[in-house]
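Have a look at start-v6.cif below; it lists mmCIF, C-alpha atoms.
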data_upload
#
loop_
_atom_site.label_atom_id
_atom_site.label_comp_id
_atom_site.auth_asym_id
_atom_site.auth_seq_id
_atom_site.Cartn_x
_atom_site.Cartn_y
_atom_site.Cartn_z
CA MET A 1 -2.10 -14.91 31.54
CA LEU A 2 -0.01 -11.74 31.35
CA ALA A 3 -2.95 -9.46 30.64
CA SER A 4 -4.91 -11.02 33.50
CA LYS A 5 -2.09 -10.21 35.94
CA ALA A 6 -1.78 -6.67 34.62
CA ARG A 7 -5.52 -6.05 34.90
CA PRO A 8 -5.43 -4.93 38.60
CA GLN A 9 -2.74 -2.34 37.81
CA ILE A 10 -4.70 -1.04 34.83
CA GLN A 11 -7.80 -0.96 37.00
CA LYS A 12 -6.09 1.31 39.54
CA VAL A 13 -5.39 3.83 36.78
CA LEU A 14 -9.00 3.75 35.64
CA ASP A 15 -10.56 3.81 39.11
CA PRO A 16 -10.97 7.64 39.34
CA VAL A 17 -12.85 7.73 36.04
CA SER A 18 -14.84 4.64 36.95
CA GLN A 19 -15.83 6.00 40.36
CA TRP A 20 -16.97 9.25 38.77
CA ALA A 21 -19.04 7.30 36.25
CA ALA A 22 -20.46 5.18 39.08
CA ARG A 23 -21.77 8.33 40.84
CA SER A 24 -23.40 9.50 37.64
CA SER A 25 -26.45 8.04 35.97
CA VAL A 26 -24.43 6.25 33.29
CA SER A 27 -25.56 2.66 32.82
CA PRO A 28 -22.83 0.01 32.67
CA ASP A 29 -24.75 -1.63 29.83
CA VAL A 30 -24.56 1.61 27.86
CA VAL A 31 -20.81 1.80 28.50
CA THR A 32 -20.43 -1.77 27.24
CA ILE A 33 -22.45 -1.10 24.09
CA ILE A 34 -20.66 2.18 23.33
CA GLY A 35 -17.30 0.47 23.80
CA THR A 36 -18.27 -2.34 21.46
CA ILE A 37 -19.53 0.04 18.78
CA GLY A 38 -16.35 2.08 19.15
CA VAL A 39 -14.04 -0.92 18.80
CA ALA A 40 -15.94 -2.34 15.83
CA GLY A 41 -16.27 1.05 14.15
CA ALA A 42 -12.59 1.93 14.59
CA ALA A 43 -11.47 -1.47 13.30
CA LEU A 44 -13.70 -1.31 10.24
CA GLY A 45 -12.99 2.35 9.64
CA PHE A 46 -9.20 2.29 10.03
CA PHE A 47 -7.79 -1.23 9.74
CA THR A 48 -9.61 -1.99 6.49
CA ARG A 49 -7.80 1.03 4.96
CA GLY A 50 -4.39 0.16 6.39
CA VAL A 51 -4.44 3.01 8.93
CA PHE A 52 -3.03 0.96 11.79
CA PHE A 53 -1.54 3.44 14.26
CA LEU A 54 -4.53 5.77 14.58
CA GLY A 55 -6.85 2.76 14.47
CA THR A 56 -4.97 1.13 17.32
CA VAL A 57 -5.17 4.29 19.44
CA VAL A 58 -8.93 4.61 18.98
CA ILE A 59 -9.56 0.90 19.54
CA THR A 60 -7.47 0.95 22.72
CA LEU A 61 -9.46 3.86 24.14
CA PHE A 62 -12.72 2.00 23.62
CA VAL A 63 -11.28 -1.29 24.93
CA PHE A 64 -10.89 0.35 28.33
CA SER A 65 -14.67 0.52 28.59
CA ASP A 66 -14.51 -3.24 29.13
CA LEU A 67 -12.94 -2.45 32.52
CA ILE A 68 -14.99 0.62 33.36
CA ASP A 69 -18.40 -1.01 32.98
CA GLY A 70 -17.54 -3.66 35.55
CA VAL A 71 -16.41 -1.08 38.10
CA ILE A 72 -19.61 0.90 37.64
CA ALA A 73 -21.74 -2.20 38.12
CA ARG A 74 -19.87 -3.26 41.26
CA ALA A 75 -19.87 0.26 42.75
CA ARG A 76 -23.65 0.43 42.40
CA GLY A 77 -24.20 -3.15 43.46
CA ILE A 78 -25.94 -3.99 40.21
CA SER A 79 -23.65 -6.72 38.88
CA SER A 80 -25.78 -9.33 37.18
CA LYS A 81 -25.69 -12.38 34.96
CA TRP A 82 -27.16 -10.25 32.19
CA GLY A 83 -24.24 -7.83 32.45
CA ALA A 84 -21.75 -10.69 32.29
CA PHE A 85 -23.56 -12.12 29.27
CA LEU A 86 -23.62 -8.77 27.49
CA ASP A 87 -19.96 -8.17 28.26
CA SER A 88 -18.86 -11.56 26.89
CA THR A 89 -21.02 -11.19 23.80
CA SER A 90 -19.64 -7.70 23.16
CA ASP A 91 -16.09 -9.05 23.43
CA ARG A 92 -16.84 -11.52 20.64
CA VAL A 93 -18.25 -8.74 18.45
CA GLY A 94 -15.19 -6.56 18.99
CA ASP A 95 -12.70 -9.36 18.34
CA SER A 96 -14.55 -10.39 15.20
CA ALA A 97 -14.51 -6.82 13.90
CA ILE A 98 -10.76 -6.49 14.49
CA PHE A 99 -9.72 -9.74 12.82
CA GLY A 100 -12.40 -9.35 10.16
CA SER A 101 -10.97 -5.94 9.29
CA LEU A 102 -7.52 -7.44 8.89
CA ILE A 103 -8.98 -10.10 6.61
CA ILE A 104 -10.54 -7.35 4.46
CA TRP A 105 -7.27 -5.40 4.37
CA TYR A 106 -5.08 -8.33 3.37
CA ALA A 107 -7.65 -9.55 0.85
CA GLY A 108 -7.61 -6.11 -0.77
CA ASP A 109 -4.88 -3.48 -0.65
CA GLY A 110 -2.77 -5.56 1.74
CA ASP A 111 -2.56 -8.17 -1.04
CA SER A 112 -1.50 -11.21 0.96
CA LEU A 113 -3.46 -14.44 0.80
CA PRO A 114 -1.33 -16.15 3.50
CA LEU A 115 -2.13 -13.33 5.93
CA VAL A 116 -5.82 -13.56 5.02
CA VAL A 117 -5.59 -17.19 6.11
CA ALA A 118 -3.67 -16.27 9.28
CA ALA A 119 -6.22 -13.63 10.31
CA LEU A 120 -9.08 -16.02 9.54
CA VAL A 121 -7.53 -18.78 11.66
CA CYS A 122 -7.05 -16.29 14.51
CA LEU A 123 -10.71 -15.28 14.25
CA VAL A 124 -12.04 -18.84 14.21
CA ALA A 125 -9.66 -20.22 16.84
CA GLY A 126 -10.39 -17.26 19.13
CA SER A 127 -14.12 -17.97 18.91
CA ILE A 128 -13.51 -21.65 19.65
CA THR A 129 -11.34 -20.73 22.63
CA SER A 130 -14.17 -18.71 24.14
CA TYR A 131 -16.76 -21.37 23.33
CA VAL A 132 -14.71 -24.14 24.94
CA LYS A 133 -14.49 -22.18 28.19
CA ALA A 134 -18.17 -21.24 28.21
CA ARG A 135 -19.28 -24.79 27.44
CA ALA A 136 -16.94 -26.29 30.02
CA GLU A 137 -18.13 -23.96 32.78
CA GLY A 138 -21.72 -24.64 31.77
CA LEU A 139 -21.05 -28.34 32.43
CA GLY A 140 -19.51 -27.63 35.82
CA PHE A 141 -15.81 -27.77 34.90
CA THR A 142 -13.19 -25.08 35.42
CA CYS A 143 -11.38 -23.77 32.36
CA ASN A 144 -9.20 -20.84 33.46
CA VAL A 145 -6.13 -22.07 31.60
CA GLY A 146 -4.42 -21.25 28.35
CA PHE A 147 -1.23 -19.82 26.94
CA ALA A 148 -3.01 -16.92 25.24
CA GLU A 149 -6.32 -15.79 26.69
CA ARG A 150 -8.30 -12.95 25.14
CA GLY A 151 -6.37 -10.24 26.95
CA GLU A 152 -3.02 -11.52 25.75
CA ARG A 153 -4.24 -11.95 22.18
CA LEU A 154 -5.68 -8.45 22.04
CA LEU A 155 -2.60 -6.89 23.64
CA ILE A 156 -0.21 -8.59 21.23
CA LEU A 157 -2.28 -7.67 18.19
CA LEU A 158 -2.81 -4.02 19.12
CA VAL A 159 0.84 -3.42 20.05
CA ALA A 160 1.96 -5.04 16.80
CA ALA A 161 -0.59 -3.12 14.72
CA GLY A 162 0.33 0.20 16.33
CA LEU A 163 4.07 -0.24 15.79
CA TYR A 164 3.47 -1.56 12.29
CA GLY A 165 1.53 1.61 11.59
CA LEU A 166 4.55 3.62 12.75
CA GLY A 167 6.71 1.88 10.17
CA VAL A 168 8.13 -1.15 11.99
CA PRO A 169 8.23 -3.75 9.18
CA TYR A 170 6.96 -7.32 9.39
CA LEU A 171 5.67 -6.89 12.96
CA LEU A 172 1.95 -7.27 12.28
CA PRO A 173 2.37 -10.32 10.01
CA ALA A 174 4.67 -11.88 12.60
CA ALA A 175 2.14 -11.20 15.34
CA LEU A 176 -0.65 -12.81 13.30
CA TRP A 177 1.33 -15.99 12.70
CA PHE A 178 2.34 -16.08 16.36
CA LEU A 179 -1.32 -15.78 17.36
CA VAL A 180 -2.24 -18.62 15.00
CA GLY A 181 0.01 -20.94 16.99
CA ALA A 182 -0.75 -19.43 20.42
CA THR A 183 -4.53 -19.50 19.98
CA THR A 184 -4.52 -23.04 18.62
CA LEU A 185 -2.36 -24.13 21.56
CA THR A 186 -4.81 -22.48 23.96
CA VAL A 187 -7.73 -24.42 22.47
CA VAL A 188 -5.81 -27.69 22.89
CA GLN A 189 -4.80 -26.80 26.47
CA ARG A 190 -8.39 -26.10 27.46
CA VAL A 191 -9.75 -29.27 25.86
CA VAL A 192 -7.07 -31.36 27.60
CA HIS A 193 -7.73 -29.56 30.91
CA VAL A 194 -11.44 -30.33 30.75
CA TYR A 195 -10.80 -33.93 29.71
CA ARG A 196 -8.52 -34.48 32.71
CA GLN A 197 -11.19 -33.14 35.06
CA TRP A 198 -13.77 -35.44 33.49
CA TYR A 199 -11.40 -38.41 33.68
CA ARG A 200 -10.50 -37.80 37.35
CA ALA A 201 -14.17 -37.50 38.23
CA GLY A 202 -14.66 -41.13 37.20
CA ASP A 203 -17.48 -40.39 34.79
CA PRO A 204 -17.33 -43.29 32.32
CA PRO A 205 -18.89 -42.88 28.88
CA ALA A 206 -22.47 -44.03 28.69
CA PRO A 207 -22.88 -47.40 26.90
CA PHE A 208 -24.33 -47.26 23.43
CA ALA A 209 -28.07 -47.68 23.69
CA SER A 210 -29.59 -50.31 21.46
CA THR A 211 -31.89 -48.85 18.86
CA ALA A 212 -33.51 -52.17 18.05
CA ALA A 213 -37.11 -52.63 19.19
CA PRO A 214 -37.45 -55.21 21.98
CA THR A 215 -38.79 -58.61 21.04
CA VAL A 216 -42.17 -59.30 22.64
CA PRO A 217 -43.17 -62.96 22.93
CA SER A 218 -46.39 -63.89 21.18
CA GLY A 219 -49.37 -63.39 23.45
CA ALA A 220 -47.45 -61.26 25.93
CA THR A 221 -48.52 -57.75 26.88
CA PRO A 222 -46.06 -55.06 25.84
CA PRO A 223 -44.50 -53.07 28.70
CA SER A 224 -46.57 -50.10 29.72
CA GLY A 225 -43.75 -47.63 28.89
CA ALA A 226 -43.37 -49.04 25.40
CA ALA A 227 -47.08 -48.92 24.77
CA ALA A 228 -47.27 -45.34 25.95
CA SER A 229 -44.40 -44.17 23.80
CA GLY A 230 -45.31 -46.14 20.75
CA ARG A 231 -41.86 -47.77 20.65
CA GLY A 232 -41.62 -51.52 20.49
CA ALA A 233 -45.39 -51.91 20.80
CA THR A 234 -45.67 -54.11 17.71
CA ARG A 235 -45.54 -57.83 18.47
CA ARG A 236 -43.20 -60.06 16.60
CA PRO A 237 -44.06 -63.64 15.68
#

For this file, produce the structure as structure tokens.
Amino acid sequence: MLASKARPQIQKVLDPVSQWAARSSVSPDVVTIIGTIGVAGAALGFFTRGVFFLGTVVITLFVFSDLIDGVIARARGISSKWGAFLDSTSDRVGDSAIFGSLIIWYAGDGDSLPLVVAALVCLVAGSITSYVKARAEGLGFTCNVGFAERGERLLILLVAAGLYGLGVPYLLPAALWFLVGATTLTVVQRVVHVYRQWYRAGDPPAPFASTAAPTVPSGATPPSGAAASGRGATRRP
């Protein structure tokens, strides 16, 4: 939740640039796409080669587009469901590129199978975290909970990668293992949160439907619905 609370302060810093972009003809969708390409390209271009400090700087610059595109859309009054969809999808692409690049690095020159596993778990658990929230909200539940939302995970990883690139030992591996636990905990928290809402709503599980065809007495006319659907239309002696 830390990154979510810091977002308004970061937004104030970016407002002058965002307002200028809003007065121009720049499309927020284009900003989103450029930001995504930049994040993915920087991760694949730098992190896979172990160039963590410069990679972190470039990725961070493009990550800010995630804030700028929203300001542009709101300033022009063109916020839309499509924009929200594109933004969320782009986030998944960027996150996958970052953790995927770490997997490539540790599977190659990084030479650490445990950290390959850690980065892979972070990638998978992060995707599940996002899916749980999207699915819950699609069913009418709220799901704004979690120890480590996307902002926190990205902040921790980029800070650790940048300092690791400057020579601080063990920081990036420690951050990855921390994110393994934090992201897994977030998935559990969200599942429990949704379950509690469902339980309080008094929505009991539907009884198991019988798959057996109904017995029709000899000489009786099958129900009209059964005859129409072709189910249970055969008489039994």

Might you spell out which residues the PyMOL selection byres ((chain A and resi 44-47) around 10) would select in the displayed file, as a compact mmCIF listing (two decimals) with C-alpha atoms, in the coordinates of the input?
# COMPACT_ATOMS: atom_id res chain seq x y z
CA GLY A 38 -16.35 2.08 19.15
CA VAL A 39 -14.04 -0.92 18.80
CA ALA A 40 -15.94 -2.34 15.83
CA GLY A 41 -16.27 1.05 14.15
CA ALA A 42 -12.59 1.93 14.59
CA ALA A 43 -11.47 -1.47 13.30
CA THR A 48 -9.61 -1.99 6.49
CA ARG A 49 -7.80 1.03 4.96
CA GLY A 50 -4.39 0.16 6.39
CA VAL A 51 -4.44 3.01 8.93
CA PHE A 52 -3.03 0.96 11.79
CA PHE A 53 -1.54 3.44 14.26
CA LEU A 54 -4.53 5.77 14.58
CA GLY A 55 -6.85 2.76 14.47
CA THR A 56 -4.97 1.13 17.32
CA VAL A 58 -8.93 4.61 18.98
CA ILE A 59 -9.56 0.90 19.54
CA ALA A 97 -14.51 -6.82 13.90
CA ILE A 98 -10.76 -6.49 14.49
CA PHE A 99 -9.72 -9.74 12.82
CA GLY A 100 -12.40 -9.35 10.16
CA SER A 101 -10.97 -5.94 9.29
CA LEU A 102 -7.52 -7.44 8.89
CA ILE A 103 -8.98 -10.10 6.61
CA ILE A 104 -10.54 -7.35 4.46
CA TRP A 105 -7.27 -5.40 4.37
CA TYR A 106 -5.08 -8.33 3.37
CA ALA A 161 -0.59 -3.12 14.72
CA GLY A 165 1.53 1.61 11.59

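Between CA of Leu115 in chain A and CA of Tyr131 in chain A the interatomic distance comes to 24.1 Å.
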
Need the axis-aligned box for range 42-60 of chain A with 6 Å each side, so what are the centre and edges in Å to one decimal, as JSON?
{"center_x": -7.6, "center_y": 1.9, "center_z": 13.8, "size_x": 24.2, "size_y": 19.8, "size_z": 29.8}

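The result of the PyMOL selection byres ((chain A and resi 182) around 12) on the shown file is Ala118, Val121, Cys122, Ala125, Gly126, Thr129, Gly146, Phe147, Ala148, Glu149, Arg150, Glu152, Arg153, Ile156, Ala175, Leu176, Trp177, Phe178, Leu179, Val180, Gly181, Thr183, Thr184, Leu185, Thr186, Val187, Val188 and Gln189 of chain A.
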
Atomic distance CA of Gly162 in chain A - CA of Val57 in chain A, expressed in Å with one decimal: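 Interatomic distance here is 7.5 Å.
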
Hits from the PyMOL selection byres ((chain A and resi 91) around 10), listed as a ChimeraX atom specification: /A:32,35-36,39,63,66,85-90,92-97,130,150

Best match for closeness to Arg76 in chain A among A:Val124, A:Val191, A:Val117, A:Val26, counting all atoms listed in the file: A:Val26

Computed interatomic separation between CA of Ala119 in chain A and CA of Ile37 in chain A (Å): 20.9 Å

Could you pull the residues within 8 Å of range 28-31 of chain A, counting all atoms listed in the file, minus those fewer than 6 positions along the same chain, as a CSV table (one decimal) with C-alpha atoms, in the frame of the given file?
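Full text of around_10.csv as output:
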chain,number,residue,atom,x,y,z
A,65,SER,CA,-14.7,0.5,28.6
A,68,ILE,CA,-15.0,0.6,33.4
A,69,ASP,CA,-18.4,-1.0,33.0
A,70,GLY,CA,-17.5,-3.7,35.6
A,72,ILE,CA,-19.6,0.9,37.6
A,73,ALA,CA,-21.7,-2.2,38.1
A,83,GLY,CA,-24.2,-7.8,32.4
A,86,LEU,CA,-23.6,-8.8,27.5

Selected residue, from A:Arg23, A:Arg190, A:Thr60, A:Gly77, that lies nearest to Arg135 in chain A when counting all atoms listed in the file: A:Arg190

Of the listed residues A:Phe141, A:Ser24, A:Leu158, A:Tyr164, that which approaches Tyr199 in chain A most closely, counting only C-alpha atoms: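 The closest residue to Tyr199 in chain A is A:Phe141.
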
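Proximity of A:Val116, A:Ile34, A:Ala75, A:Gln197 to Glu137 in chain A, computed with only C-alpha atoms, is greatest for A:Gln197.
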
From the structure block, carefully write range 53-82 of chain A out with N, CA, C and O atoms; format it as a PDB file, in the first residue's frame.
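decode-v3.pdb, written as the output of this step:
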ATOM      1  N   PHE A  53      22.074  -1.097 -12.948  1.00  0.00           N
ATOM      2  CA  PHE A  53      21.856   0.305 -12.583  1.00  0.00           C
ATOM      3  C   PHE A  53      21.281   1.103 -13.749  1.00  0.00           C
ATOM      4  O   PHE A  53      20.244   1.766 -13.620  1.00  0.00           O
ATOM      5  N   LEU A  54      21.955   1.054 -14.895  1.00  0.00           N
ATOM      6  CA  LEU A  54      21.457   1.794 -16.057  1.00  0.00           C
ATOM      7  C   LEU A  54      20.090   1.267 -16.477  1.00  0.00           C
ATOM      8  O   LEU A  54      19.196   2.046 -16.840  1.00  0.00           O
ATOM      9  N   GLY A  55      19.901  -0.039 -16.402  1.00  0.00           N
ATOM     10  CA  GLY A  55      18.599  -0.615 -16.743  1.00  0.00           C
ATOM     11  C   GLY A  55      17.501  -0.099 -15.843  1.00  0.00           C
ATOM     12  O   GLY A  55      16.396   0.211 -16.307  1.00  0.00           O
ATOM     13  N   THR A  56      17.806   0.014 -14.560  1.00  0.00           N
ATOM     14  CA  THR A  56      16.815   0.517 -13.604  1.00  0.00           C
ATOM     15  C   THR A  56      16.446   1.964 -13.899  1.00  0.00           C
ATOM     16  O   THR A  56      15.270   2.347 -13.833  1.00  0.00           O
ATOM     17  N   VAL A  57      17.442   2.780 -14.246  1.00  0.00           N
ATOM     18  CA  VAL A  57      17.185   4.194 -14.554  1.00  0.00           C
ATOM     19  C   VAL A  57      16.256   4.318 -15.755  1.00  0.00           C
ATOM     20  O   VAL A  57      15.268   5.068 -15.737  1.00  0.00           O
ATOM     21  N   VAL A  58      16.547   3.578 -16.808  1.00  0.00           N
ATOM     22  CA  VAL A  58      15.730   3.652 -18.028  1.00  0.00           C
ATOM     23  C   VAL A  58      14.324   3.119 -17.770  1.00  0.00           C
ATOM     24  O   VAL A  58      13.328   3.728 -18.184  1.00  0.00           O
ATOM     25  N   ILE A  59      14.226   1.996 -17.075  1.00  0.00           N
ATOM     26  CA  ILE A  59      12.911   1.430 -16.769  1.00  0.00           C
ATOM     27  C   ILE A  59      12.081   2.404 -15.955  1.00  0.00           C
ATOM     28  O   ILE A  59      10.893   2.617 -16.221  1.00  0.00           O
ATOM     29  N   THR A  60      12.709   3.036 -14.960  1.00  0.00           N
ATOM     30  CA  THR A  60      11.989   3.978 -14.099  1.00  0.00           C
ATOM     31  C   THR A  60      11.432   5.151 -14.894  1.00  0.00           C
ATOM     32  O   THR A  60      10.305   5.601 -14.671  1.00  0.00           O
ATOM     33  N   LEU A  61      12.213   5.649 -15.837  1.00  0.00           N
ATOM     34  CA  LEU A  61      11.748   6.768 -16.665  1.00  0.00           C
ATOM     35  C   LEU A  61      10.494   6.380 -17.453  1.00  0.00           C
ATOM     36  O   LEU A  61       9.548   7.170 -17.565  1.00  0.00           O
ATOM     37  N   PHE A  62      10.487   5.181 -17.987  1.00  0.00           N
ATOM     38  CA  PHE A  62       9.326   4.742 -18.764  1.00  0.00           C
ATOM     39  C   PHE A  62       8.150   4.350 -17.864  1.00  0.00           C
ATOM     40  O   PHE A  62       6.989   4.449 -18.294  1.00  0.00           O
ATOM     41  N   VAL A  63       8.429   3.927 -16.643  1.00  0.00           N
ATOM     42  CA  VAL A  63       7.347   3.584 -15.714  1.00  0.00           C
ATOM     43  C   VAL A  63       6.481   4.802 -15.416  1.00  0.00           C
ATOM     44  O   VAL A  63       5.267   4.686 -15.207  1.00  0.00           O
ATOM     45  N   PHE A  64       7.086   5.989 -15.416  1.00  0.00           N
ATOM     46  CA  PHE A  64       6.329   7.198 -15.125  1.00  0.00           C
ATOM     47  C   PHE A  64       5.239   7.466 -16.159  1.00  0.00           C
ATOM     48  O   PHE A  64       4.285   8.200 -15.891  1.00  0.00           O
ATOM     49  N   SER A  65       5.363   6.887 -17.339  1.00  0.00           N
ATOM     50  CA  SER A  65       4.317   7.066 -18.347  1.00  0.00           C
ATOM     51  C   SER A  65       2.997   6.457 -17.881  1.00  0.00           C
ATOM     52  O   SER A  65       1.919   6.844 -18.349  1.00  0.00           O
ATOM     53  N   ASP A  66       3.093   5.502 -16.941  1.00  0.00           N
ATOM     54  CA  ASP A  66       1.891   4.882 -16.391  1.00  0.00           C
ATOM     55  C   ASP A  66       1.059   5.909 -15.631  1.00  0.00           C
ATOM     56  O   ASP A  66      -0.161   5.752 -15.499  1.00  0.00           O
ATOM     57  N   LEU A  67       1.712   6.962 -15.130  1.00  0.00           N
ATOM     58  CA  LEU A  67       0.998   8.029 -14.428  1.00  0.00           C
ATOM     59  C   LEU A  67       0.591   9.135 -15.393  1.00  0.00           C
ATOM     60  O   LEU A  67      -0.479   9.718 -15.261  1.00  0.00           O
ATOM     61  N   ILE A  68       1.447   9.405 -16.372  1.00  0.00           N
ATOM     62  CA  ILE A  68       1.181  10.514 -17.286  1.00  0.00           C
ATOM     63  C   ILE A  68      -0.021  10.246 -18.183  1.00  0.00           C
ATOM     64  O   ILE A  68      -0.836  11.137 -18.430  1.00  0.00           O
ATOM     65  N   ASP A  69      -0.168   9.002 -18.664  1.00  0.00           N
ATOM     66  CA  ASP A  69      -1.272   8.726 -19.580  1.00  0.00           C
ATOM     67  C   ASP A  69      -2.630   8.949 -18.931  1.00  0.00           C
ATOM     68  O   ASP A  69      -3.564   9.450 -19.567  1.00  0.00           O
ATOM     69  N   GLY A  70      -2.722   8.626 -17.640  1.00  0.00           N
ATOM     70  CA  GLY A  70      -3.991   8.843 -16.941  1.00  0.00           C
ATOM     71  C   GLY A  70      -4.332  10.315 -16.789  1.00  0.00           C
ATOM     72  O   GLY A  70      -5.490  10.719 -16.937  1.00  0.00           O
ATOM     73  N   VAL A  71      -3.319  11.137 -16.513  1.00  0.00           N
ATOM     74  CA  VAL A  71      -3.547  12.580 -16.377  1.00  0.00           C
ATOM     75  C   VAL A  71      -3.992  13.177 -17.705  1.00  0.00           C
ATOM     76  O   VAL A  71      -4.909  14.010 -17.761  1.00  0.00           O
ATOM     77  N   ILE A  72      -3.372  12.747 -18.785  1.00  0.00           N
ATOM     78  CA  ILE A  72      -3.751  13.244 -20.114  1.00  0.00           C
ATOM     79  C   ILE A  72      -5.206  12.903 -20.412  1.00  0.00           C
ATOM     80  O   ILE A  72      -5.989  13.744 -20.871  1.00  0.00           O
ATOM     81  N   ALA A  73      -5.580  11.652 -20.127  1.00  0.00           N
ATOM     82  CA  ALA A  73      -6.942  11.212 -20.412  1.00  0.00           C
ATOM     83  C   ALA A  73      -7.954  11.993 -19.585  1.00  0.00           C
ATOM     84  O   ALA A  73      -8.997  12.425 -20.101  1.00  0.00           O
ATOM     85  N   ARG A  74      -7.653  12.212 -18.312  1.00  0.00           N
ATOM     86  CA  ARG A  74      -8.591  12.947 -17.453  1.00  0.00           C
ATOM     87  C   ARG A  74      -8.667  14.410 -17.842  1.00  0.00           C
ATOM     88  O   ARG A  74      -9.741  15.021 -17.823  1.00  0.00           O
ATOM     89  N   ALA A  75      -7.525  15.016 -18.203  1.00  0.00           N
ATOM     90  CA  ALA A  75      -7.504  16.436 -18.579  1.00  0.00           C
ATOM     91  C   ALA A  75      -8.333  16.686 -19.832  1.00  0.00           C
ATOM     92  O   ALA A  75      -8.955  17.735 -19.984  1.00  0.00           O
ATOM     93  N   ARG A  76      -8.353  15.719 -20.730  1.00  0.00           N
ATOM     94  CA  ARG A  76      -9.128  15.866 -21.969  1.00  0.00           C
ATOM     95  C   ARG A  76     -10.537  15.310 -21.846  1.00  0.00           C
ATOM     96  O   ARG A  76     -11.327  15.432 -22.785  1.00  0.00           O
ATOM     97  N   GLY A  77     -10.827  14.693 -20.731  1.00  0.00           N
ATOM     98  CA  GLY A  77     -12.143  14.100 -20.553  1.00  0.00           C
ATOM     99  C   GLY A  77     -12.381  12.904 -21.445  1.00  0.00           C
ATOM    100  O   GLY A  77     -13.514  12.665 -21.895  1.00  0.00           O
ATOM    101  N   ILE A  78     -11.311  12.146 -21.701  1.00  0.00           N
ATOM    102  CA  ILE A  78     -11.453  10.995 -22.600  1.00  0.00           C
ATOM    103  C   ILE A  78     -11.100   9.685 -21.888  1.00  0.00           C
ATOM    104  O   ILE A  78     -10.722   8.707 -22.528  1.00  0.00           O
ATOM    105  N   SER A  79     -11.225   9.680 -20.567  1.00  0.00           N
ATOM    106  CA  SER A  79     -11.013   8.430 -19.833  1.00  0.00           C
ATOM    107  C   SER A  79     -12.043   7.408 -20.293  1.00  0.00           C
ATOM    108  O   SER A  79     -13.214   7.737 -20.507  1.00  0.00           O
ATOM    109  N   SER A  80     -11.619   6.195 -20.453  1.00  0.00           N
ATOM    110  CA  SER A  80     -12.528   5.168 -20.979  1.00  0.00           C
ATOM    111  C   SER A  80     -12.162   3.799 -20.433  1.00  0.00           C
ATOM    112  O   SER A  80     -11.072   3.589 -19.889  1.00  0.00           O
ATOM    113  N   LYS A  81     -13.088   2.862 -20.597  1.00  0.00           N
ATOM    114  CA  LYS A  81     -12.824   1.491 -20.195  1.00  0.00           C
ATOM    115  C   LYS A  81     -11.713   0.890 -21.049  1.00  0.00           C
ATOM    116  O   LYS A  81     -10.928   0.068 -20.576  1.00  0.00           O
ATOM    117  N   TRP A  82     -11.663   1.297 -22.319  1.00  0.00           N
ATOM    118  CA  TRP A  82     -10.595   0.804 -23.186  1.00  0.00           C
ATOM    119  C   TRP A  82      -9.230   1.229 -22.646  1.00  0.00           C
ATOM    120  O   TRP A  82      -8.278   0.446 -22.617  1.00  0.00           O
TER     121      TRP A  82
END
